[in-house]
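> There's a structure below that I have some questions on.
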Amino acid sequence: MKTLIIYGTKSGASEECAKLLSQLIEDSRIANVEVEQPELADFERVIVGAGVRNDKMYKPIRDYLKKQEAHLLTKELACFLCHSKPKTTEEVIVASIPEGVRQGAVEIMAFGGYKPNWVPVSPANKLKGIDQEKIAEFVSKLS
Ligand SMILES: Cc1cc2nc3c(=O)[nH]c(=O)nc-3n(C[C@H](O)[C@H](O)[C@H](O)COP(=O)(O)O)c2cc1C
């Protein structure tokens with residue numbers, strides 16, 4: 001199934017997750033939402049993810065979810081977030097993802113992320129704090 005993985009990142013964790021997802025999902029491609037927003041008509045499945053600051057996913061992804069909500073809901077849709085305070089995951093999701101997307105998504109999952117004092121993260125440590133088992137579990141929920 002042709003899959004778009006579109007992400008927003010500031011320190012790179014969400015980009016690493018997008019790359020790991022694309023390795024696990026056949027016929028997928030990744031796009032940084034601030035660089036390109038590929039034509040959704042070209043995809044049957046869309047995965048939308050971003051990092052979190054101040055208890056919200058990044059604004060370019062929040063804006064994208066709002067603007068594209070109706071079109072996204074015609075696809076198989078799933079969302080992920082990268083953050084360092086797992087106890088806040090539910091409130092971040094409610095504050096960041098429109099209700100219709102929350103209801104329509106097949107899965108919404110947090111993959112961990114970098115603690116603020118790890119940033120900037122050296123190239124050798126790009127996967128630190130990222131829960132790769134969660135990423136595999138997320139992929140298993142897709143059709
Ligand atoms: C300035 C700053 C603020 C942050 N605020 C939060 C926060 O409010 N809640 C949280 O769970 N994580 C917070 N984090 C951790 C980030 O969500 C984490 O570093 C994540 O990996 C960011 O995603 P990115 O690397 O794709 O940009 C913060 C990190 C920084 C550097």
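Quick note on naming: the chains in the structure tokens go A, B, ... in the order shown, residues restart at 1 in each chain, and ligands are numbered from 1 in order of appearance.
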Any residue with an atom at most 9 Å from ligand 1 counts, using only C-alpha atoms and all ligand atoms. Which are they? Put them as a PyMOL selection string.
chain A and resi 7-17+49-58+81-89+92+112-121+129-130
> Take the residues from that selection and write them out as a PDB file, in the first residue's frame, keeping C-alpha atoms.

ATOM      1  CA  TYR A   7       6.889  14.326  10.036  1.00  0.00           C
ATOM      2  CA  GLY A   8       7.913  17.458  11.899  1.00  0.00           C
ATOM      3  CA  THR A   9      11.154  17.567  13.873  1.00  0.00           C
ATOM      4  CA  LYS A  10      13.406  20.015  15.664  1.00  0.00           C
ATOM      5  CA  SER A  11      16.116  17.770  17.102  1.00  0.00           C
ATOM      6  CA  GLY A  12      15.838  14.754  14.785  1.00  0.00           C
ATOM      7  CA  ALA A  13      14.080  11.990  16.772  1.00  0.00           C
ATOM      8  CA  SER A  14      10.910  12.116  14.675  1.00  0.00           C
ATOM      9  CA  GLU A  15      12.982  11.971  11.514  1.00  0.00           C
ATOM     10  CA  GLU A  16      14.778   8.867  12.827  1.00  0.00           C
ATOM     11  CA  CYS A  17      11.399   7.290  13.603  1.00  0.00           C
ATOM     12  CA  GLY A  49       4.260  12.284  13.341  1.00  0.00           C
ATOM     13  CA  ALA A  50       6.114  14.988  15.255  1.00  0.00           C
ATOM     14  CA  GLY A  51       8.136  15.904  18.291  1.00  0.00           C
ATOM     15  CA  VAL A  52       6.697  17.707  21.304  1.00  0.00           C
ATOM     16  CA  ARG A  53       7.623  20.927  23.043  1.00  0.00           C
ATOM     17  CA  ASN A  54       5.554  22.689  25.694  1.00  0.00           C
ATOM     18  CA  ASP A  55       3.138  19.752  25.784  1.00  0.00           C
ATOM     19  CA  LYS A  56       2.158  20.020  22.113  1.00  0.00           C
ATOM     20  CA  MET A  57       3.289  18.436  18.883  1.00  0.00           C
ATOM     21  CA  TYR A  58       5.048  20.946  16.619  1.00  0.00           C
ATOM     22  CA  LEU A  81       4.802  11.380  18.535  1.00  0.00           C
ATOM     23  CA  CYS A  82       8.274  11.656  20.009  1.00  0.00           C
ATOM     24  CA  HIS A  83       8.617  13.064  23.477  1.00  0.00           C
ATOM     25  CA  SER A  84      10.374  12.535  26.784  1.00  0.00           C
ATOM     26  CA  LYS A  85       7.500  12.623  29.310  1.00  0.00           C
ATOM     27  CA  PRO A  86       5.431   9.461  28.703  1.00  0.00           C
ATOM     28  CA  LYS A  87       3.021  10.303  31.529  1.00  0.00           C
ATOM     29  CA  THR A  88       1.772  13.241  29.426  1.00  0.00           C
ATOM     30  CA  THR A  89       1.194  11.312  26.183  1.00  0.00           C
ATOM     31  CA  VAL A  92      -0.383  15.858  24.285  1.00  0.00           C
ATOM     32  CA  GLY A 112       9.909   7.884  23.189  1.00  0.00           C
ATOM     33  CA  GLY A 113      12.400  10.606  22.273  1.00  0.00           C
ATOM     34  CA  TYR A 114      15.352  12.647  23.415  1.00  0.00           C
ATOM     35  CA  LYS A 115      15.509  14.123  26.903  1.00  0.00           C
ATOM     36  CA  PRO A 116      15.930  17.898  26.571  1.00  0.00           C
ATOM     37  CA  ASN A 117      19.464  17.805  28.016  1.00  0.00           C
ATOM     38  CA  TRP A 118      20.589  15.314  25.326  1.00  0.00           C
ATOM     39  CA  VAL A 119      19.982  17.887  22.592  1.00  0.00           C
ATOM     40  CA  PRO A 120      21.832  18.381  20.288  1.00  0.00           C
ATOM     41  CA  VAL A 121      22.220  14.636  19.920  1.00  0.00           C
ATOM     42  CA  GLY A 129      15.555   7.086  23.783  1.00  0.00           C
ATOM     43  CA  ILE A 130      13.623   5.765  20.774  1.00  0.00           C
TER      44      ILE A 130
END
> Kindly assemble as CSV a list of the stretch 71-91 of chain A residues that lie within 10 Å of stretch 31-42 of chain A, each paired with its nearest atom pair and their distance in Å to one decimal, using only C-alpha atoms, sorted first by chain and then by ascending residue number.

residue,atom,partner,partner_atom,distance
A:His71,CA,A:Leu40,CA,7.6
A:Leu72,CA,A:Leu40,CA,7.8
A:Thr74,CA,A:Ala41,CA,9.8
A:Lys75,CA,A:Leu40,CA,9.0
> So that I can check the surroundings of A:Leu77, please list as a list in words every protein, DNA and RNA residue that reaches within 9 Å of it, counting only C-alpha atoms and ignoring chain neighbours fewer than 4 positions away.
Glu44, Arg45, Val46, Ile47, Val48, Leu72, Leu73, Val101, Gly104, Ala105, Val106, Glu107 and Leu142 of chain A
> Go ahead and dump the residues you just picked, C-alpha atoms, as a PDB file, in the first residue's frame.

ATOM      1  CA  GLU A  44      -3.451   5.087   0.228  1.00  0.00           C
ATOM      2  CA  ARG A  45      -1.982   5.281   3.709  1.00  0.00           C
ATOM      3  CA  VAL A  46      -0.569   8.266   5.601  1.00  0.00           C
ATOM      4  CA  ILE A  47       1.435   8.306   8.836  1.00  0.00           C
ATOM      5  CA  VAL A  48       1.795  11.699  10.524  1.00  0.00           C
ATOM      6  CA  LEU A  72      -6.507  12.292   5.580  1.00  0.00           C
ATOM      7  CA  LEU A  73      -9.674  10.618   6.823  1.00  0.00           C
ATOM      8  CA  VAL A 101      -8.280  12.350  13.350  1.00  0.00           C
ATOM      9  CA  GLY A 104     -10.332   7.925  12.498  1.00  0.00           C
ATOM     10  CA  ALA A 105      -6.711   6.880  13.056  1.00  0.00           C
ATOM     11  CA  VAL A 106      -6.009   3.158  13.247  1.00  0.00           C
ATOM     12  CA  GLU A 107      -3.242   3.847  15.761  1.00  0.00           C
ATOM     13  CA  LEU A 142      -1.423  -1.318  10.109  1.00  0.00           C
TER      14      LEU A 142
END
> From stretch 42-96 of chain A, collect each residue whose DSSP state is strand (DSSP E) and return the set as an MDAnalysis selection string.
chainID A and resid 45:53 56:57 76:82
> Output C-alpha atoms for every residue in that selection, as a compact mmCIF listing (two decimals), in the first residue's frame.

# COMPACT_ATOMS: atom_id res chain seq x y z
CA ARG A 45 -1.98 5.28 3.71
CA VAL A 46 -0.57 8.27 5.60
CA ILE A 47 1.43 8.31 8.84
CA VAL A 48 1.80 11.70 10.52
CA GLY A 49 4.26 12.28 13.34
CA ALA A 50 6.11 14.99 15.25
CA GLY A 51 8.14 15.90 18.29
CA VAL A 52 6.70 17.71 21.30
CA ARG A 53 7.62 20.93 23.04
CA LYS A 56 2.16 20.02 22.11
CA MET A 57 3.29 18.44 18.88
CA GLU A 76 -5.60 4.53 6.32
CA LEU A 77 -4.24 6.99 8.86
CA ALA A 78 -1.93 6.61 11.84
CA CYS A 79 -0.04 9.09 14.01
CA PHE A 80 3.06 9.03 16.20
CA LEU A 81 4.80 11.38 18.54
CA CYS A 82 8.27 11.66 20.01
> Quick one: residues within 10 Å of A:Ser140, only C-alpha atoms, excluding same-chain residues fewer than 4 positions away - as an MDAnalysis selection string?
chainID A and resid 24:25 134:136
> Please report the interatomic distance between atom CA of A:Glu26 and atom CA of A:Lys128 in Å with one decimal.
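Straight-line distance from atom CA of A:Glu26 to atom CA of A:Lys128 works out to 24.8 Å.
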